[in-house]
Structure formats: C-alpha cells, structure tokens
Amino acid sequence: MDSQLSHRPGPPALVVVAHGSRDPRALATVRALLDRVRALRPGLPVHLGHIELNEPLLPDTLTALGEREAVLVPLLLSRGYHVKRDIPEMAAGAPARSRLAAPLGPHPLLADTLHTRLTEAGWRPPATEAERRASAVILAAAGSRDPDSATDTGRTAALLAARLGVPVLPAYASAATPTVAAAVRSLRARGRHRIAVASYFTAPGRFATECAKAAPDIAADPLGAHPLMAELLLHRYDEATTRATPEPALAATH
C-alpha cells in the first residue's frame, strides 16, 4: 500500500506566466506573489515562466518540467495576443503536457484588490450626494489592439464601479484609447473633479509609473502581491484542472 501511494502522481504543476519587465521591482513583486501561492497551497509545485525580458523564460521552465503535467496561469489581466498566441505557441514547443488557464481578469477578486489599493492610497467613499456626483475613478490598464482585451477591462471597470458606487472609466497606457490624461479631461468636462486612478497592473513598471504621474490626485499602487491575487491564481488553476477537456486558450467571462 505504501509503495502504491508513493508512486501516485501528484497534482499538475502550476506555472505562473508573467510578462516580464525591465523594472526590477516587477520580478521582486512576482516572486513575492508566488511565495503567497505556495503558502496557501503547500505541496503544490509552483513555477515561474516569463514571456520576455526576464528569466526564467517560459520555454525554459516548461523544458525543465520534462513530460509532467502543468497548468499555465497567465499573470495577465485580460485576453489578448499573449494569451491567444504567444503562450500557446511556447507551450506547443515544449515536452510538458500543459493546459492554459484563463487570464486573471475579469473577476470580482480583482475589483476587491483594486478597492483595497485605492483605499490604501487615500480614497474615501463620497460622504454626500454632491460629492458622489463629483467623484470618479480611472482604471489605468496597459492597453491592447485586441478588442477582447478592452471588453475584459470594461467588465473589470463595471465590477469596480459597482463596488465603489461611482463611475469607473477605463484608460490605457498604450495601443488603445483614451489615455489617462484624456480620461481626466473627459471626466472633468462632465463635472467629475474628485478623480482617483486605480492601477490595473500586476506589478510596478514603466506603464504603471506613467499612468500614476497623469493622476490629478490619488494614484493607487498596482495589484502586486496582495493576498487576493494569490487566491485568484489558485482559482484559475483549479478551474483549469477540473475542466473536462483541455483547451489551448480559455477566455475569462466571469
């Protein structure tokens, strides 16, 4: 019996797929997040692979896993080219038997994390009806030419708006419009002068810094290694492991 138990296969490895960044704070943040995941799920093999710019690169991580089973969870907040093309192509060239989980967004846990970061930065709920009518939040995201990415970001904005009780307008650092500065002008033209910027980035980096500089008042920190982010990574892992049929890519719709 003991011999049989010792040869029972373990759970599929969790491979967190990060984009990569030249900002050293990004890698430190991602590693801290993976430490939280390991603490929540002791015994689960947790690995890191990057699409570009940082080591280990995803193909190297998958090669090191050999032929074992793995679930790739993108540390990305929406559908787009990386989720639809880059990650599946990298996985297809590796010996590991892998399946791709949904990107992290949209999901209510992201709205909760964004709310926490805004509160930490000084955001307070409107105290009066007049203050509510003057308040708004900009959801600053990286941006993509893929329309599915904008759809996913819009859904997160709607979740955050429901959480805060004020309008939340998506804005982008690149490849899509409006910019944060343009969103600020648009909101002010509508009488919204109490404006905060929620940082819809997984870690610090150039885009997050540029968006924060464009904030007229409150600028929240990125999502980072918040405990809810670790829970969400494991949620996407569990979704993928319980799917009856592996799919090369799964679009998040909830």
# chains A, B, ... in the order shown; residues from 1 in each chain; ligands from 1
>>> residues_around(residues="segment 21-31 of chain A", least_positions_apart="5", cutoff="9 Å", atoms="only C-alpha atoms", output="list of chain:residue names")
A:Arg36, A:Leu48, A:Glu52, A:Leu53, A:Asn54, A:Leu75, A:Thr202, A:Ala203, A:Pro204, A:Gly205, A:Arg206, A:Gly224, A:Ala225
>>> select_by_dssp(residues="segment 55-214 of chain A", states="alpha helix (DSSP H)", output="VMD selection string")
chain A and resid 58 to 64 81 87 to 92 108 to 121 129 to 133 147 to 164 180 to 189 206 to 213
>>> write_last_selection(atoms="C-alpha atoms", output="PDB file, in the first residue's frame")
ATOM      1  CA  LEU A  58       8.519  30.144 -20.199  1.00  0.00           C
ATOM      2  CA  PRO A  59      10.030  27.679 -22.720  1.00  0.00           C
ATOM      3  CA  ASP A  60      12.929  27.033 -20.329  1.00  0.00           C
ATOM      4  CA  THR A  61      10.574  26.450 -17.396  1.00  0.00           C
ATOM      5  CA  LEU A  62       8.481  24.001 -19.415  1.00  0.00           C
ATOM      6  CA  THR A  63      11.547  22.178 -20.713  1.00  0.00           C
ATOM      7  CA  ALA A  64      12.781  21.724 -17.151  1.00  0.00           C
ATOM      8  CA  TYR A  81      -2.160  38.401 -28.172  1.00  0.00           C
ATOM      9  CA  ILE A  87       1.749  31.373 -24.582  1.00  0.00           C
ATOM     10  CA  PRO A  88       0.075  28.559 -26.588  1.00  0.00           C
ATOM     11  CA  GLU A  89       2.908  28.617 -29.147  1.00  0.00           C
ATOM     12  CA  MET A  90       5.549  28.430 -26.424  1.00  0.00           C
ATOM     13  CA  ALA A  91       3.683  25.576 -24.757  1.00  0.00           C
ATOM     14  CA  ALA A  92       3.315  23.673 -28.025  1.00  0.00           C
ATOM     15  CA  PRO A 108     -14.598  40.111  -8.555  1.00  0.00           C
ATOM     16  CA  LEU A 109     -11.373  39.407  -6.632  1.00  0.00           C
ATOM     17  CA  LEU A 110      -9.637  41.931  -8.868  1.00  0.00           C
ATOM     18  CA  ALA A 111     -12.259  44.556  -8.052  1.00  0.00           C
ATOM     19  CA  ASP A 112     -11.746  43.827  -4.351  1.00  0.00           C
ATOM     20  CA  THR A 113      -7.974  44.197  -4.721  1.00  0.00           C
ATOM     21  CA  LEU A 114      -8.318  47.432  -6.682  1.00  0.00           C
ATOM     22  CA  HIS A 115     -10.632  48.804  -3.994  1.00  0.00           C
ATOM     23  CA  THR A 116      -8.094  47.924  -1.317  1.00  0.00           C
ATOM     24  CA  ARG A 117      -5.268  49.631  -3.197  1.00  0.00           C
ATOM     25  CA  LEU A 118      -7.385  52.748  -3.716  1.00  0.00           C
ATOM     26  CA  THR A 119      -8.234  52.854  -0.008  1.00  0.00           C
ATOM     27  CA  GLU A 120      -4.551  52.489   0.886  1.00  0.00           C
ATOM     28  CA  ALA A 121      -3.804  55.467  -1.397  1.00  0.00           C
ATOM     29  CA  GLU A 129     -24.673  63.091  -2.796  1.00  0.00           C
ATOM     30  CA  ALA A 130     -22.906  66.164  -4.177  1.00  0.00           C
ATOM     31  CA  GLU A 131     -19.539  64.559  -3.524  1.00  0.00           C
ATOM     32  CA  ARG A 132     -20.695  61.355  -5.213  1.00  0.00           C
ATOM     33  CA  ARG A 133     -21.718  63.287  -8.326  1.00  0.00           C
ATOM     34  CA  PRO A 147     -10.990  44.121 -28.796  1.00  0.00           C
ATOM     35  CA  ASP A 148     -11.414  41.230 -26.335  1.00  0.00           C
ATOM     36  CA  SER A 149      -8.866  42.904 -24.075  1.00  0.00           C
ATOM     37  CA  ALA A 150     -10.905  46.118 -23.968  1.00  0.00           C
ATOM     38  CA  THR A 151     -14.050  44.073 -23.287  1.00  0.00           C
ATOM     39  CA  ASP A 152     -12.391  42.361 -20.328  1.00  0.00           C
ATOM     40  CA  THR A 153     -11.053  45.640 -18.940  1.00  0.00           C
ATOM     41  CA  GLY A 154     -14.502  47.168 -19.297  1.00  0.00           C
ATOM     42  CA  ARG A 155     -16.005  44.327 -17.285  1.00  0.00           C
ATOM     43  CA  THR A 156     -13.499  44.899 -14.502  1.00  0.00           C
ATOM     44  CA  ALA A 157     -14.345  48.612 -14.585  1.00  0.00           C
ATOM     45  CA  ALA A 158     -18.033  47.727 -14.179  1.00  0.00           C
ATOM     46  CA  LEU A 159     -17.245  45.434 -11.230  1.00  0.00           C
ATOM     47  CA  LEU A 160     -15.210  48.186  -9.568  1.00  0.00           C
ATOM     48  CA  ALA A 161     -17.904  50.801 -10.231  1.00  0.00           C
ATOM     49  CA  ALA A 162     -20.459  48.573  -8.507  1.00  0.00           C
ATOM     50  CA  ARG A 163     -18.049  48.195  -5.604  1.00  0.00           C
ATOM     51  CA  LEU A 164     -17.356  51.937  -5.256  1.00  0.00           C
ATOM     52  CA  VAL A 180      -5.292  58.596 -18.562  1.00  0.00           C
ATOM     53  CA  ALA A 181      -4.814  62.298 -19.330  1.00  0.00           C
ATOM     54  CA  ALA A 182      -7.659  62.227 -21.863  1.00  0.00           C
ATOM     55  CA  ALA A 183      -9.877  60.370 -19.403  1.00  0.00           C
ATOM     56  CA  VAL A 184      -9.196  63.042 -16.772  1.00  0.00           C
ATOM     57  CA  ARG A 185     -10.243  65.765 -19.216  1.00  0.00           C
ATOM     58  CA  SER A 186     -13.381  63.866 -20.166  1.00  0.00           C
ATOM     59  CA  LEU A 187     -14.434  63.365 -16.563  1.00  0.00           C
ATOM     60  CA  ARG A 188     -13.792  66.981 -15.653  1.00  0.00           C
ATOM     61  CA  ALA A 189     -15.918  68.094 -18.597  1.00  0.00           C
ATOM     62  CA  ARG A 206       7.022  51.869 -16.788  1.00  0.00           C
ATOM     63  CA  PHE A 207       3.352  51.897 -17.779  1.00  0.00           C
ATOM     64  CA  ALA A 208       2.149  51.919 -14.175  1.00  0.00           C
ATOM     65  CA  THR A 209       4.517  54.780 -13.353  1.00  0.00           C
ATOM     66  CA  GLU A 210       3.423  56.847 -16.369  1.00  0.00           C
ATOM     67  CA  CYS A 211      -0.255  56.382 -15.552  1.00  0.00           C
ATOM     68  CA  ALA A 212       0.289  57.363 -11.913  1.00  0.00           C
ATOM     69  CA  LYS A 213       2.041  60.578 -12.989  1.00  0.00           C
TER      70      LYS A 213
END
>>> closest_residue(among="A:Leu228, A:Val197, A:Val16, A:Ala215", to="Ala140 of chain A", atoms="only C-alpha atoms")
A:Val197
>>> closest_residue(among="A:Ala101, A:Val137, A:Leu33, A:Ala198", to="Ala240 of chain A", atoms="only C-alpha atoms")
A:Ala101
>>> select_by_dssp(residues="segment 16-157 of chain A", states="strand (DSSP E)", output="number ranges by chain")
A: 16-18, 46-50, 69-74, 97-100, 135-141
